[in-house]
$ cat start-v1.cif   # mmCIF, C-alpha atoms and all ligand atoms
data_structure
loop_
_atom_site.label_atom_id
_atom_site.label_comp_id
_atom_site.auth_asym_id
_atom_site.auth_seq_id
_atom_site.Cartn_x
_atom_site.Cartn_y
_atom_site.Cartn_z
CA MET T 906 -96.39 0.24 -141.29
CA LEU T 907 -96.01 -1.35 -137.89
CA ASP T 908 -92.81 -3.26 -138.84
CA PRO T 909 -91.41 -1.41 -141.87
CA ASP T 910 -88.17 -3.44 -142.03
CA SER T 911 -90.12 -6.64 -142.31
CA GLU T 912 -93.23 -5.47 -144.15
CA SER T 913 -91.30 -3.73 -146.95
CA ARG T 914 -88.59 -6.39 -147.39
CA PRO T 915 -88.51 -7.66 -151.00
CA TRP T 916 -90.40 -10.96 -151.19
CA ALA T 917 -87.43 -12.89 -152.61
CA ALA T 918 -85.29 -11.71 -149.70
CA GLN T 919 -88.06 -12.86 -147.33
CA GLN T 920 -87.92 -16.37 -148.78
CA ARG T 921 -84.13 -16.47 -148.27
CA ALA T 922 -84.47 -15.12 -144.72
CA ASP T 923 -87.09 -17.77 -143.88
CA ASP T 924 -84.82 -20.72 -144.70
CA ALA T 925 -82.81 -20.71 -141.45
CA PRO T 926 -85.83 -20.48 -139.09
CA TYR T 927 -87.56 -23.17 -141.16
CA ARG T 928 -84.62 -25.55 -140.65
CA ARG T 929 -84.65 -24.80 -136.92
CA GLN T 930 -88.41 -25.45 -136.82
CA ILE T 931 -87.95 -28.80 -138.57
CA ALA T 932 -85.29 -29.82 -136.02
CA TYR T 933 -87.68 -28.69 -133.25
CA LEU T 934 -90.52 -30.77 -134.72
CA LEU T 935 -88.34 -33.88 -134.79
CA SER T 936 -87.28 -33.38 -131.18
CA HIS T 937 -90.54 -32.08 -129.65
CA SER T 938 -93.53 -33.24 -131.71
CA GLU T 939 -94.46 -36.91 -131.57
CA PHE T 940 -97.01 -36.31 -134.34
CA TYR T 941 -94.39 -35.04 -136.80
CA ARG T 942 -91.68 -37.49 -135.72
CA VAL T 943 -94.03 -40.35 -136.63
CA LYS T 944 -95.39 -38.65 -139.75
CA LEU T 945 -92.00 -37.71 -141.19
CA GLN T 946 -90.54 -41.11 -140.39
CA ALA T 947 -93.48 -42.76 -142.15
CA ALA T 948 -92.72 -40.54 -145.17
CA GLY T 949 -89.12 -41.80 -145.15
CA TYR T 950 -87.34 -38.97 -143.31
CA GLY T 951 -85.36 -39.88 -140.23
CA GLY T 952 -83.46 -36.64 -139.64
CA ALA T 953 -83.41 -32.90 -140.33
CA SER T 954 -80.52 -33.21 -142.80
CA GLU T 955 -82.61 -35.45 -145.10
CA ILE T 956 -85.49 -32.96 -144.99
CA GLY T 957 -83.37 -29.97 -146.08
CA GLY T 958 -84.54 -26.38 -146.44
CA LEU T 959 -87.50 -24.45 -147.81
CA ALA T 960 -86.43 -25.16 -151.40
CA ASP T 961 -87.25 -28.83 -150.77
CA ILE T 962 -90.54 -28.36 -148.93
CA ALA T 963 -92.63 -29.71 -151.83
CA LYS T 964 -91.50 -33.28 -151.16
CA LEU T 965 -92.90 -33.27 -147.61
CA PRO T 966 -96.40 -34.52 -146.82
CA PHE T 967 -99.30 -32.17 -146.09
CA THR T 968 -100.97 -31.96 -142.69
CA GLU T 969 -104.76 -32.34 -142.64
CA LYS T 970 -106.93 -31.10 -139.78
CA ASP T 971 -108.47 -34.59 -139.45
CA GLU T 972 -105.05 -36.16 -138.83
CA LEU T 973 -104.52 -33.88 -135.84
CA ARG T 974 -107.97 -34.71 -134.46
CA ALA T 975 -107.29 -38.43 -134.81
CA THR T 976 -104.37 -38.29 -132.37
CA ARG T 977 -106.38 -36.84 -129.48
CA SER T 978 -106.89 -39.05 -126.45
CA ASP T 979 -107.87 -38.74 -122.81
CA ALA T 980 -104.18 -38.68 -121.95
CA GLU T 981 -103.39 -36.13 -124.69
CA PRO T 982 -106.56 -34.04 -125.29
CA ILE T 983 -104.74 -31.49 -127.46
CA GLY T 984 -103.26 -34.16 -129.75
CA ALA T 985 -99.85 -35.67 -130.48
CA HIS T 986 -98.80 -32.45 -132.22
CA ARG T 987 -98.48 -30.60 -128.89
CA ALA T 988 -94.78 -29.77 -128.81
CA ALA T 989 -94.36 -27.77 -125.61
CA PRO T 990 -94.87 -28.83 -121.96
CA MET T 991 -98.34 -28.06 -120.59
CA ARG T 992 -96.74 -25.88 -117.88
CA SER T 993 -95.39 -23.49 -120.53
CA ILE T 994 -98.74 -22.99 -122.27
CA VAL T 995 -100.37 -19.65 -121.42
CA ARG T 996 -103.54 -19.80 -123.53
CA ILE T 997 -105.70 -22.57 -124.99
CA PHE T 998 -108.24 -21.60 -127.60
CA SER T 999 -110.76 -24.07 -128.95
CA THR T 1000 -112.79 -24.43 -132.11
CA SER T 1001 -116.41 -25.47 -132.25
CA GLY T 1002 -115.65 -28.73 -134.09
CA THR T 1003 -118.40 -30.21 -136.25
CA THR T 1004 -118.11 -33.57 -134.45
CA GLY T 1005 -119.12 -32.08 -131.11
CA THR T 1006 -115.68 -32.34 -129.52
CA PRO T 1007 -113.67 -29.13 -129.70
CA SER T 1008 -110.15 -28.96 -131.11
CA TYR T 1009 -107.69 -27.17 -128.84
CA ILE T 1010 -105.17 -24.59 -130.03
CA PRO T 1011 -102.41 -24.01 -127.44
CA LEU T 1012 -100.05 -21.02 -127.32
CA THR T 1013 -96.90 -20.43 -125.28
CA ALA T 1014 -96.07 -16.86 -124.23
CA ALA T 1015 -93.74 -16.58 -127.24
CA ASP T 1016 -96.46 -17.93 -129.55
CA HIS T 1017 -98.94 -15.41 -128.17
CA ALA T 1018 -96.47 -12.55 -128.68
CA GLN T 1019 -96.06 -13.60 -132.34
CA TRP T 1020 -99.80 -13.85 -132.93
CA LEU T 1021 -100.26 -10.45 -131.34
CA ARG T 1022 -97.62 -8.97 -133.66
CA ILE T 1023 -99.24 -10.61 -136.71
CA SER T 1024 -102.74 -9.39 -135.79
CA SER T 1025 -101.44 -5.91 -135.01
CA ARG T 1026 -99.78 -5.68 -138.44
CA SER T 1027 -103.09 -6.63 -140.07
CA TYR T 1028 -105.16 -4.09 -138.16
CA SER T 1029 -102.55 -1.36 -138.73
CA ALA T 1030 -102.66 -2.07 -142.45
CA SER T 1031 -106.35 -1.16 -142.46
CA GLY T 1032 -105.41 2.35 -141.33
CA LEU T 1033 -106.54 2.10 -137.69
CA LYS T 1034 -104.54 4.30 -135.33
CA ALA T 1035 -104.20 4.79 -131.58
CA GLY T 1036 -107.24 6.57 -130.18
CA ASP T 1037 -109.63 5.47 -132.93
CA ARG T 1038 -112.93 4.32 -131.43
CA LEU T 1039 -113.70 0.83 -132.71
CA ILE T 1040 -116.68 -1.41 -131.95
CA SER T 1041 -115.94 -5.13 -132.24
CA THR T 1042 -118.74 -7.63 -132.70
CA TYR T 1043 -116.81 -10.89 -132.33
CA ASN T 1044 -117.97 -13.07 -129.49
CA ALA T 1045 -114.36 -14.11 -129.16
CA GLY T 1046 -115.06 -16.42 -126.22
CA PRO T 1047 -112.97 -19.56 -126.75
CA PHE T 1048 -111.97 -18.61 -130.30
CA VAL T 1049 -108.63 -17.37 -131.64
CA ALA T 1050 -110.28 -14.06 -132.56
CA GLY T 1051 -109.42 -13.24 -128.93
CA VAL T 1052 -105.90 -12.38 -130.08
CA GLY T 1053 -107.44 -9.92 -132.54
CA LEU T 1054 -109.02 -8.21 -129.54
CA ASP T 1055 -105.63 -8.23 -127.74
CA ALA T 1056 -104.17 -6.56 -130.85
CA MET T 1057 -106.76 -3.78 -130.71
CA HIS T 1058 -105.57 -3.09 -127.17
CA ALA T 1059 -101.89 -3.29 -128.17
CA LEU T 1060 -102.48 -0.74 -130.91
CA GLY T 1061 -103.98 1.70 -128.42
CA LEU T 1062 -107.40 1.77 -130.03
CA CYS T 1063 -110.37 2.81 -127.96
CA HIS T 1064 -111.94 -0.63 -128.18
CA ILE T 1065 -115.65 -1.02 -127.51
CA PRO T 1066 -116.46 -4.75 -127.40
CA ILE T 1067 -120.15 -5.47 -128.05
CA GLY T 1068 -120.13 -9.08 -129.25
CA SER T 1069 -122.52 -10.69 -131.67
CA GLY T 1070 -126.32 -10.93 -131.56
CA ASN T 1071 -126.63 -7.57 -129.83
CA THR T 1072 -127.75 -5.22 -132.58
CA GLU T 1073 -129.72 -2.87 -130.33
CA ARG T 1074 -126.83 -2.30 -127.93
CA LEU T 1075 -124.45 -1.87 -130.86
CA LEU T 1076 -126.52 0.83 -132.53
CA ILE T 1077 -126.90 2.73 -129.26
CA ALA T 1078 -123.15 2.53 -128.50
CA MET T 1079 -122.34 3.52 -132.07
CA GLN T 1080 -124.41 6.69 -131.73
CA GLN T 1081 -123.58 7.63 -128.14
CA LEU T 1082 -119.85 6.94 -128.29
CA LYS T 1083 -119.49 8.11 -131.91
CA ALA T 1084 -117.66 4.98 -133.02
CA GLU T 1085 -115.34 5.59 -135.97
CA ALA T 1086 -114.82 1.96 -136.98
CA LEU T 1087 -116.65 -1.36 -136.82
CA ALA T 1088 -115.07 -4.83 -136.93
CA LEU T 1089 -117.63 -7.38 -138.09
CA THR T 1090 -118.53 -9.94 -140.78
CA PRO T 1091 -119.57 -8.50 -144.15
CA SER T 1092 -123.01 -10.12 -143.93
CA TYR T 1093 -123.55 -8.57 -140.51
CA ALA T 1094 -122.45 -5.17 -141.83
CA LEU T 1095 -125.19 -5.47 -144.44
CA HIS T 1096 -127.76 -6.62 -141.88
CA LEU T 1097 -126.77 -3.88 -139.45
CA ALA T 1098 -127.21 -1.13 -142.04
CA GLU T 1099 -130.74 -2.41 -142.74
CA ARG T 1100 -131.61 -2.60 -139.02
CA ALA T 1101 -130.20 0.92 -138.50
CA ARG T 1102 -132.35 2.35 -141.27
CA GLU T 1103 -135.44 0.64 -139.80
CA ARG T 1104 -134.76 2.58 -136.59
CA GLY T 1105 -134.43 5.85 -138.47
CA ILE T 1106 -130.61 5.93 -138.22
CA ASP T 1107 -128.84 6.74 -141.48
CA PRO T 1108 -125.60 4.72 -141.40
CA GLN T 1109 -124.18 6.92 -144.15
CA SER T 1110 -124.24 10.02 -141.98
CA SER T 1111 -123.13 8.18 -138.83
CA SER T 1112 -119.69 8.64 -137.23
CA VAL T 1113 -118.50 5.28 -138.71
CA LYS T 1114 -115.84 5.83 -141.37
CA ARG T 1115 -114.19 2.39 -141.52
CA LEU T 1116 -115.48 -1.16 -141.62
CA ILE T 1117 -112.96 -3.93 -140.99
CA VAL T 1118 -114.67 -7.08 -142.21
CA ALA T 1119 -113.56 -10.65 -141.46
CA GLY T 1120 -114.89 -14.09 -140.55
CA GLU T 1121 -116.16 -15.05 -144.01
CA PRO T 1122 -115.31 -14.24 -147.63
CA GLY T 1123 -117.35 -11.48 -149.27
CA GLY T 1124 -115.90 -8.21 -148.05
CA GLY T 1125 -113.49 -8.17 -150.97
CA GLU T 1126 -116.07 -8.94 -153.65
CA PRO T 1127 -116.38 -5.74 -155.68
CA ALA T 1128 -120.19 -5.60 -155.63
CA MET T 1129 -120.50 -6.47 -151.93
CA ARG T 1130 -117.82 -3.93 -151.03
CA ALA T 1131 -119.41 -1.20 -153.16
CA ARG T 1132 -122.78 -1.87 -151.52
CA LEU T 1133 -121.31 -1.73 -148.00
CA GLU T 1134 -119.33 1.43 -148.76
CA GLU T 1135 -122.41 3.10 -150.15
CA LEU T 1136 -124.67 2.03 -147.28
CA TRP T 1137 -122.21 3.10 -144.62
CA GLY T 1138 -120.36 5.96 -146.34
CA ALA T 1139 -117.27 4.17 -145.00
CA LYS T 1140 -114.10 2.52 -146.29
CA VAL T 1141 -114.24 -1.30 -146.21
CA THR T 1142 -111.08 -3.38 -145.74
CA GLU T 1143 -110.82 -7.12 -145.17
CA ALA T 1144 -108.87 -9.28 -142.72
CA MET T 1145 -108.54 -13.06 -142.44
CA GLY T 1146 -107.00 -15.58 -140.05
CA ILE T 1147 -106.94 -19.33 -139.54
CA GLY T 1148 -107.21 -20.97 -136.12
CA ASP T 1149 -104.37 -23.46 -136.28
CA ILE T 1150 -101.91 -20.98 -137.81
CA ALA T 1151 -102.53 -17.43 -136.51
CA ALA T 1152 -105.35 -14.97 -135.83
CA THR T 1153 -105.72 -12.16 -138.40
CA LEU T 1154 -102.91 -13.48 -140.58
CA TRP T 1155 -103.88 -11.33 -143.57
CA GLY T 1156 -104.90 -7.69 -143.60
CA GLU T 1157 -105.92 -5.38 -146.39
CA CYS T 1158 -104.46 -1.87 -146.61
CA GLU T 1159 -106.23 1.34 -147.60
CA ALA T 1160 -105.43 0.73 -151.29
CA GLN T 1161 -108.10 -2.02 -151.04
CA ASP T 1162 -106.47 -4.38 -153.53
CA SER T 1163 -106.62 -7.67 -151.56
CA MET T 1164 -105.07 -8.65 -148.20
CA HIS T 1165 -101.35 -8.40 -147.42
CA PHE T 1166 -99.64 -11.30 -145.65
CA SER T 1167 -98.93 -10.23 -142.06
CA GLY T 1168 -97.18 -13.41 -140.88
CA ARG T 1169 -93.73 -12.59 -142.25
CA ASP T 1170 -90.83 -14.11 -140.24
CA PHE T 1171 -93.29 -16.35 -138.35
CA VAL T 1172 -95.19 -18.28 -141.03
CA HIS T 1173 -94.37 -19.51 -144.55
CA PHE T 1174 -97.19 -20.04 -147.03
CA GLU T 1175 -97.57 -21.88 -150.32
CA LEU T 1176 -100.28 -21.87 -152.98
CA ILE T 1177 -101.25 -25.34 -154.21
CA ASP T 1178 -103.56 -26.98 -156.68
CA PRO T 1179 -106.07 -28.63 -154.28
CA GLU T 1180 -106.51 -31.69 -156.52
CA SER T 1181 -102.91 -32.51 -157.50
CA GLY T 1182 -101.22 -30.96 -154.46
CA ASP T 1183 -98.63 -29.31 -156.74
CA ILE T 1184 -97.17 -25.96 -155.65
CA LEU T 1185 -98.35 -23.12 -157.90
CA PRO T 1186 -96.22 -20.05 -158.65
CA LEU T 1187 -97.39 -16.87 -156.87
CA ASP T 1188 -98.22 -15.08 -160.12
CA ASP T 1189 -100.69 -12.24 -160.37
CA GLY T 1190 -104.15 -13.74 -160.80
CA ALA T 1191 -103.14 -17.29 -159.76
CA THR T 1192 -105.80 -19.22 -157.82
CA GLY T 1193 -105.40 -22.15 -155.47
CA GLU T 1194 -105.47 -23.32 -151.86
CA LEU T 1195 -103.26 -21.82 -149.13
CA VAL T 1196 -100.94 -24.16 -147.24
CA TYR T 1197 -99.08 -22.92 -144.14
CA THR T 1198 -95.87 -23.83 -142.29
CA HIS T 1199 -94.85 -22.25 -138.99
CA LEU T 1200 -91.29 -20.93 -138.73
CA ALA T 1201 -90.98 -20.42 -134.97
CA ARG T 1202 -94.02 -21.84 -133.19
CA GLU T 1203 -93.55 -23.66 -129.89
CA ALA T 1204 -96.83 -25.15 -128.65
CA ALA T 1205 -98.36 -26.56 -131.85
CA PRO T 1206 -96.21 -25.97 -134.94
CA MET T 1207 -97.74 -26.99 -138.27
CA LEU T 1208 -95.91 -28.25 -141.33
CA ARG T 1209 -97.67 -27.79 -144.70
CA PHE T 1210 -101.10 -27.40 -143.08
CA ARG T 1211 -103.91 -27.45 -145.63
CA SER T 1212 -106.18 -24.48 -144.98
CA ARG T 1213 -108.95 -25.35 -147.47
CA ASP T 1214 -109.07 -21.59 -148.17
CA HIS T 1215 -109.22 -20.99 -151.92
CA VAL T 1216 -107.74 -17.65 -152.94
CA VAL T 1217 -106.79 -15.37 -155.83
CA VAL T 1218 -103.27 -13.89 -155.68
CA ARG T 1219 -102.33 -10.27 -156.46
CA THR T 1220 -98.66 -9.35 -156.86
CA GLY T 1221 -98.41 -5.83 -158.37
CA ALA T 1222 -96.68 -3.09 -156.35
CA CYS T 1223 -98.94 -1.64 -153.66
CA PRO T 1224 -98.86 2.12 -152.97
CA CYS T 1225 -98.69 1.43 -149.20
CA GLY T 1226 -95.15 0.04 -149.61
CA ARG T 1227 -95.88 -3.42 -148.22
CA THR T 1228 -94.22 -5.95 -150.51
CA SER T 1229 -95.91 -9.24 -149.62
CA PRO T 1230 -98.14 -10.95 -152.18
CA ARG T 1231 -101.80 -10.20 -151.52
CA ILE T 1232 -104.79 -12.54 -151.60
CA ARG T 1233 -108.55 -12.47 -151.72
CA CYS T 1234 -110.38 -15.55 -150.43
CA ILE T 1235 -113.02 -16.76 -152.84
CA GLY T 1236 -114.31 -19.65 -150.76
CA ARG T 1237 -113.51 -22.92 -149.05
CA THR T 1238 -112.14 -25.78 -151.11
CA ASP T 1239 -114.73 -27.82 -149.13
CA ASP T 1240 -117.59 -25.63 -150.41
CA MET T 1241 -116.64 -26.14 -154.04
CA LEU T 1242 -119.33 -27.69 -156.23
CA ILE T 1243 -118.50 -29.42 -159.48
CA VAL T 1244 -121.18 -28.86 -162.09
CA ARG T 1245 -120.52 -30.88 -165.25
CA SER T 1246 -116.75 -30.91 -164.48
CA VAL T 1247 -116.61 -27.14 -163.86
CA ASN T 1248 -115.45 -25.99 -160.39
CA VAL T 1249 -117.91 -23.52 -158.90
CA PHE T 1250 -117.47 -21.55 -155.68
CA PRO T 1251 -120.67 -20.29 -154.02
CA ALA T 1252 -118.99 -16.97 -153.23
CA ALA T 1253 -118.15 -16.52 -156.92
CA ILE T 1254 -121.84 -16.90 -157.80
CA ARG T 1255 -122.73 -14.36 -155.13
CA GLU T 1256 -120.17 -12.01 -156.64
CA VAL T 1257 -121.70 -12.25 -160.12
CA VAL T 1258 -125.24 -11.80 -158.82
CA GLY T 1259 -124.08 -8.91 -156.62
CA ALA T 1260 -123.27 -6.88 -159.73
CA PHE T 1261 -127.04 -6.69 -160.44
CA GLN T 1262 -127.69 -4.44 -157.45
CA PRO T 1263 -129.96 -2.57 -156.88
CA ALA T 1264 -132.24 -4.99 -158.80
CA THR T 1265 -130.89 -7.62 -156.39
CA SER T 1266 -129.98 -7.00 -152.74
CA GLY T 1267 -126.87 -9.19 -152.36
CA PRO T 1268 -127.85 -12.38 -150.48
CA ILE T 1269 -128.20 -15.61 -152.50
CA SER T 1270 -128.88 -19.24 -151.64
CA ILE T 1271 -127.73 -22.18 -153.73
CA ARG T 1272 -130.08 -25.19 -153.43
CA PRO T 1273 -128.36 -28.35 -154.71
CA ARG T 1274 -130.82 -31.03 -155.82
CA LYS T 1275 -128.64 -33.96 -154.88
CA LYS T 1276 -126.20 -34.76 -152.11
CA GLY T 1277 -122.47 -34.41 -152.68
CA PHE T 1278 -120.36 -31.84 -154.46
CA ARG T 1279 -121.04 -33.16 -157.99
CA GLN T 1280 -124.18 -31.54 -159.38
CA ASN T 1281 -125.97 -31.57 -162.69
CA PRO T 1282 -126.98 -28.32 -164.39
CA PRO T 1283 -129.03 -26.27 -164.04
CA LEU T 1284 -128.00 -25.40 -160.50
CA LYS T 1285 -130.94 -23.96 -158.57
CA LEU T 1286 -130.19 -20.49 -157.28
CA VAL T 1287 -132.40 -18.34 -155.07
CA VAL T 1288 -131.68 -14.63 -155.57
CA GLU T 1289 -132.98 -12.00 -153.20
CA LEU T 1290 -134.48 -8.97 -154.92
CA GLY T 1291 -133.62 -5.40 -154.03
CA GLU T 1292 -136.00 -3.29 -151.97
CA GLY T 1293 -139.18 -2.65 -154.03
CA GLN T 1294 -137.79 -4.53 -157.07
CA ALA T 1295 -139.76 -7.01 -159.20
CA GLY T 1296 -138.35 -10.35 -160.30
CA THR T 1297 -138.88 -10.24 -164.06
CA GLU T 1298 -138.03 -12.94 -166.56
CA ALA T 1299 -135.69 -10.46 -168.24
CA LEU T 1300 -133.72 -10.07 -165.00
CA ALA T 1301 -133.59 -13.84 -164.49
CA GLU T 1302 -132.29 -14.29 -168.02
CA ALA T 1303 -129.66 -11.57 -167.59
CA ILE T 1304 -128.40 -13.20 -164.38
CA ARG T 1305 -128.38 -16.69 -165.97
CA ASN T 1306 -126.42 -15.40 -168.95
CA ARG T 1307 -123.89 -13.52 -166.85
CA ILE T 1308 -123.25 -16.57 -164.65
CA ARG T 1309 -122.89 -18.80 -167.72
CA GLU T 1310 -120.45 -16.37 -169.35
CA THR T 1311 -118.27 -15.82 -166.29
CA LEU T 1312 -118.47 -19.14 -164.43
CA LEU T 1313 -119.47 -21.56 -167.21
CA VAL T 1314 -122.38 -22.98 -165.24
CA GLY T 1315 -126.07 -23.23 -166.08
CA THR T 1316 -128.48 -22.03 -163.39
CA GLU T 1317 -132.20 -21.88 -162.69
CA ILE T 1318 -133.09 -18.59 -161.01
CA VAL T 1319 -135.82 -18.32 -158.39
CA PHE T 1320 -136.45 -14.91 -156.85
CA ALA T 1321 -137.05 -14.25 -153.17
CA SER T 1322 -138.49 -11.03 -151.81
CA TYR T 1323 -136.31 -8.41 -150.17
CA GLY T 1324 -135.22 -9.35 -146.67
CA SER T 1325 -136.38 -12.99 -146.90
CA LEU T 1326 -133.00 -14.78 -147.12
CA PRO T 1327 -131.20 -15.29 -143.82
CA ARG T 1328 -128.53 -12.78 -142.79
CA SER T 1329 -126.53 -14.31 -140.03
CA ASP T 1330 -124.47 -12.13 -137.77
CA TYR T 1331 -121.62 -14.58 -138.08
CA LYS T 1332 -120.97 -16.69 -141.17
CA SER T 1333 -123.60 -16.58 -143.87
CA LYS T 1334 -124.33 -19.94 -145.45
CA LEU T 1335 -124.44 -19.73 -149.22
CA VAL T 1336 -125.46 -23.32 -149.84
CA ASP T 1337 -128.72 -24.71 -148.44
CA TRP T 1338 -128.77 -28.50 -148.68
CA SER T 1339 -132.37 -28.93 -147.48
CA GLU T 1340 -133.64 -29.81 -150.99
CA ALA T 1341 -130.89 -32.34 -151.78
CA GLU T 1342 -131.97 -35.92 -152.22
ZN ZN T 1401 -100.99 -2.19 -149.57
#
$ encode --input "start-v1.cif" --output "structure tokens" --more "lines below"
Ligand SMILES: [Zn+2]
Amino acid sequence: MLDPDSESRPWAAQQRADDAPYRRQIAYLLSHSEFYRVKLQAAGYGGASEIGGLADIAKLPFTEKDELRATRSDAEPIGAHRAAPMRSIVRIFSTSGTTGTPSYIPLTAADHAQWLRISSRSYSASGLKAGDRLISTYNAGPFVAGVGLDAMHALGLCHIPIGSGNTERLLIAMQQLKAEALALTPSYALHLAERARERGIDPQSSSVKRLIVAGEPGGGEPAMRARLEELWGAKVTEAMGIGDIAATLWGECEAQDSMHFSGRDFVHFELIDPESGDILPLDDGATGELVYTHLAREAAPMLRFRSRDHVVVRTGACPCGRTSPRIRCIGRTDDMLIVRSVNVFPAAIREVVGAFQPATSGPISIRPRKKGFRQNPPLKLVVELGEGQAGTEALAEAIRNRIRETLLVGTEIVFASYGSLPRSDYKSKLVDWSEAE
């Protein structure tokens, strides 16, 4: 463990320890953040004493990404939530916003040091050690993943940055430099193994012994993980971050039983029901959306920020000694489809279909027939077949039945030949809206 005192602290003690920094952060928000001063006043809170401590957090309003965007102006391009003077900001990341205008994520030196610590905890959890040769494939550019790259340096790894969309160079570097680990998205790990085999390179007998997968859900799905581990002869662990809160905020350890929370002392998180907004207890197996609150952020602190990440919680003791609850992300609340009042996550469908390997290869594509998240059954599902496999009616029926039994949704299965569904080297899209009317 990088920070044993913190990482092995009992979770109840962590909650008690977080109360004082939370109260200080609230006072800081009221004095430094115009966005939160206005928002909390509108919610009926004039001062820190009325807001109270962590035990009372449920009464406070959530923060939505769109609210932050709405306060941007020419005079204040970051937004009214900027809470530190521009002169004290040492890094400004940006996101590739869907509206065409980027959102900016500012960090002070103290913020950057915290993010670096958080990322370093996550990468250490995966078992990486100083001197390990790791190839990264993130085109960090303007994105917060840049702090993940800083963490690789801080941990003393032999970091070989290759970036995305550069498969040829990656395979050559992997062989020549005998890389021991790869950091990439799970869909790219799959794609890369296929490309390697086409070039006569057997990934299983390569020098790569660890895959650290991030950037999209999937690496923790049992079938996807088993496939990647078999293809690569390597151990697969997951990591996950969120731009507005911290890079690489969660990291899975070598026990491979979901991702530990690496943001202790810096970030508080809650699990909520995305529809009612109620806080859910962190029980083993609980599912819900993650909501985050910074405890000591300077440049852009967030209070009850809705992540839209939908997760499953694991709480049993972990052999690594880390005591935080663990999570596995099963999709975005935004990606959720509702089929005859049943909530369906595209990644959950992929997980069920993935169990049919090698008859199937892993990639799927959901093709909704109408616009919007409410769909009528059967839901059209394109399933890619495994290499040299035939799409029989018996296989289609078996997949339909398994999805109905596990996810309570009726599907229509259409097979696609091996290699025909897109494999992006960044985030793979599981829902294709081109047939929606
Ligand atoms: Zn662990």
$ residues_near_ligand --input "start-v1.cif" --ligand "ligand ZN 1401 (chain T)" --cutoff "6 Å" --atoms "all atoms listed in the file" --output "PyMOL selection string"
chain T and resi 1158+1160+1223-1225+1227
$ closest_residue --input "start-v1.cif" --among "T:Ala963, T:Ile1184, T:Ala1131, T:Leu1195" --to "Phe1210 of chain T" --atoms "all atoms listed in the file"
T:Leu1195
$ closest_residue --input "start-v1.cif" --among "T:Leu1133, T:Ala1152, T:Leu1097, T:Leu1087" --to "Gln1019 of chain T" --atoms "all atoms listed in the file"
T:Ala1152
$ closest_atom_pairs --input "start-v1.cif" --of "segment 1144-1211 of chain T" --to "segment 1045-1067 of chain T" --cutoff "9 Å" --atoms "only C-alpha atoms" --output "tab-separated table"
residue	atom	partner	partner_atom	distance
T:Gly1146	CA	T:Ala1050	CA	8.3
T:Ile1147	CA	T:Val1049	CA	8.3
T:Gly1148	CA	T:Val1049	CA	5.9
T:Asp1149	CA	T:Val1049	CA	8.8
T:Ala1151	CA	T:Val1049	CA	7.8
T:Ala1152	CA	T:Val1049	CA	5.8
T:Thr1153	CA	T:Gly1053	CA	6.5
$ atom_distance --input "start-v1.cif" --atom1 "atom CA of Arg977 of chain T" --atom2 "atom CA of His1215 of chain T"
27.6 Å
$ residues_around --input "start-v1.cif" --residues "Ala1301 of chain T" --least-positions-apart "4" --cutoff "8 Å" --atoms "all atoms listed in the file" --output "JSON, numbers by chain"
{"T": [1296, 1297, 1305, 1318, 1319]}
$ atom_distance --input "start-v1.cif" --atom1 "atom CA of Trp1155 of chain T" --atom2 "atom CA of Val1141 of chain T"
14.7 Å
$ atom_distance --input "start-v1.cif" --atom1 "atom CA of Ala1035 of chain T" --atom2 "atom CA of Ala1094 of chain T"
23.2 Å
$ closest_residue --input "start-v1.cif" --among "T:Ala989, T:Lys1285, T:Arg1245, T:Val1218" --to "Asp1162 of chain T" --atoms "only C-alpha atoms"
T:Val1218
$ residues_near_point --input "start-v1.cif" --point "(-122.0, -17.3, -156.5)" --cutoff "12 Å" --atoms "all atoms listed in the file" --output "ChimeraX atom specification"
/T:1122-1123,1126,1128-1129,1235-1236,1240-1242,1248-1260,1267-1272,1284-1288,1304-1305,1307-1309,1311-1316,1334-1336
$ closest_residue --input "start-v1.cif" --among "T:Lys1275, T:Pro1091, T:Ile983, T:Gln919" --to "Glu1340 of chain T" --atoms "all atoms listed in the file"
T:Lys1275
$ closest_residue --input "start-v1.cif" --among "T:Gly1324, T:Gly1226, T:Pro1108, T:Gly1156" --to "Glu1135 of chain T" --atoms "all atoms listed in the file"
T:Pro1108
$ residues_around --input "start-v1.cif" --residues "Thr1042 of chain T" --least-positions-apart "4" --cutoff "6 Å" --atoms "only C-alpha atoms" --output "list in words"
Ile1067, Gly1068, Ser1069 and Leu1089 of chain T
$ closest_residue --input "start-v1.cif" --among "T:Leu1136, T:Ala1201, T:Ala1191, T:Leu1116" --to "Tyr933 of chain T" --atoms "only C-alpha atoms"
T:Ala1201
$ residues_around --input "start-v1.cif" --residues "His937 of chain T" --least-positions-apart "2" --cutoff "9 Å" --atoms "all atoms listed in the file" --output "ChimeraX atom specification"
/T:932-935,939,941-942,986-989,1203
$ axis_aligned_box --input "start-v1.cif" --around "segment 1307-1317 of chain T" --padding-each-side "4 Å" --output "lines of an AutoDock Vina configuration file"
center_x = -125.2
center_y = -18.4
center_z = -166.0
size_x = 21.9
size_y = 17.7
size_z = 14.7
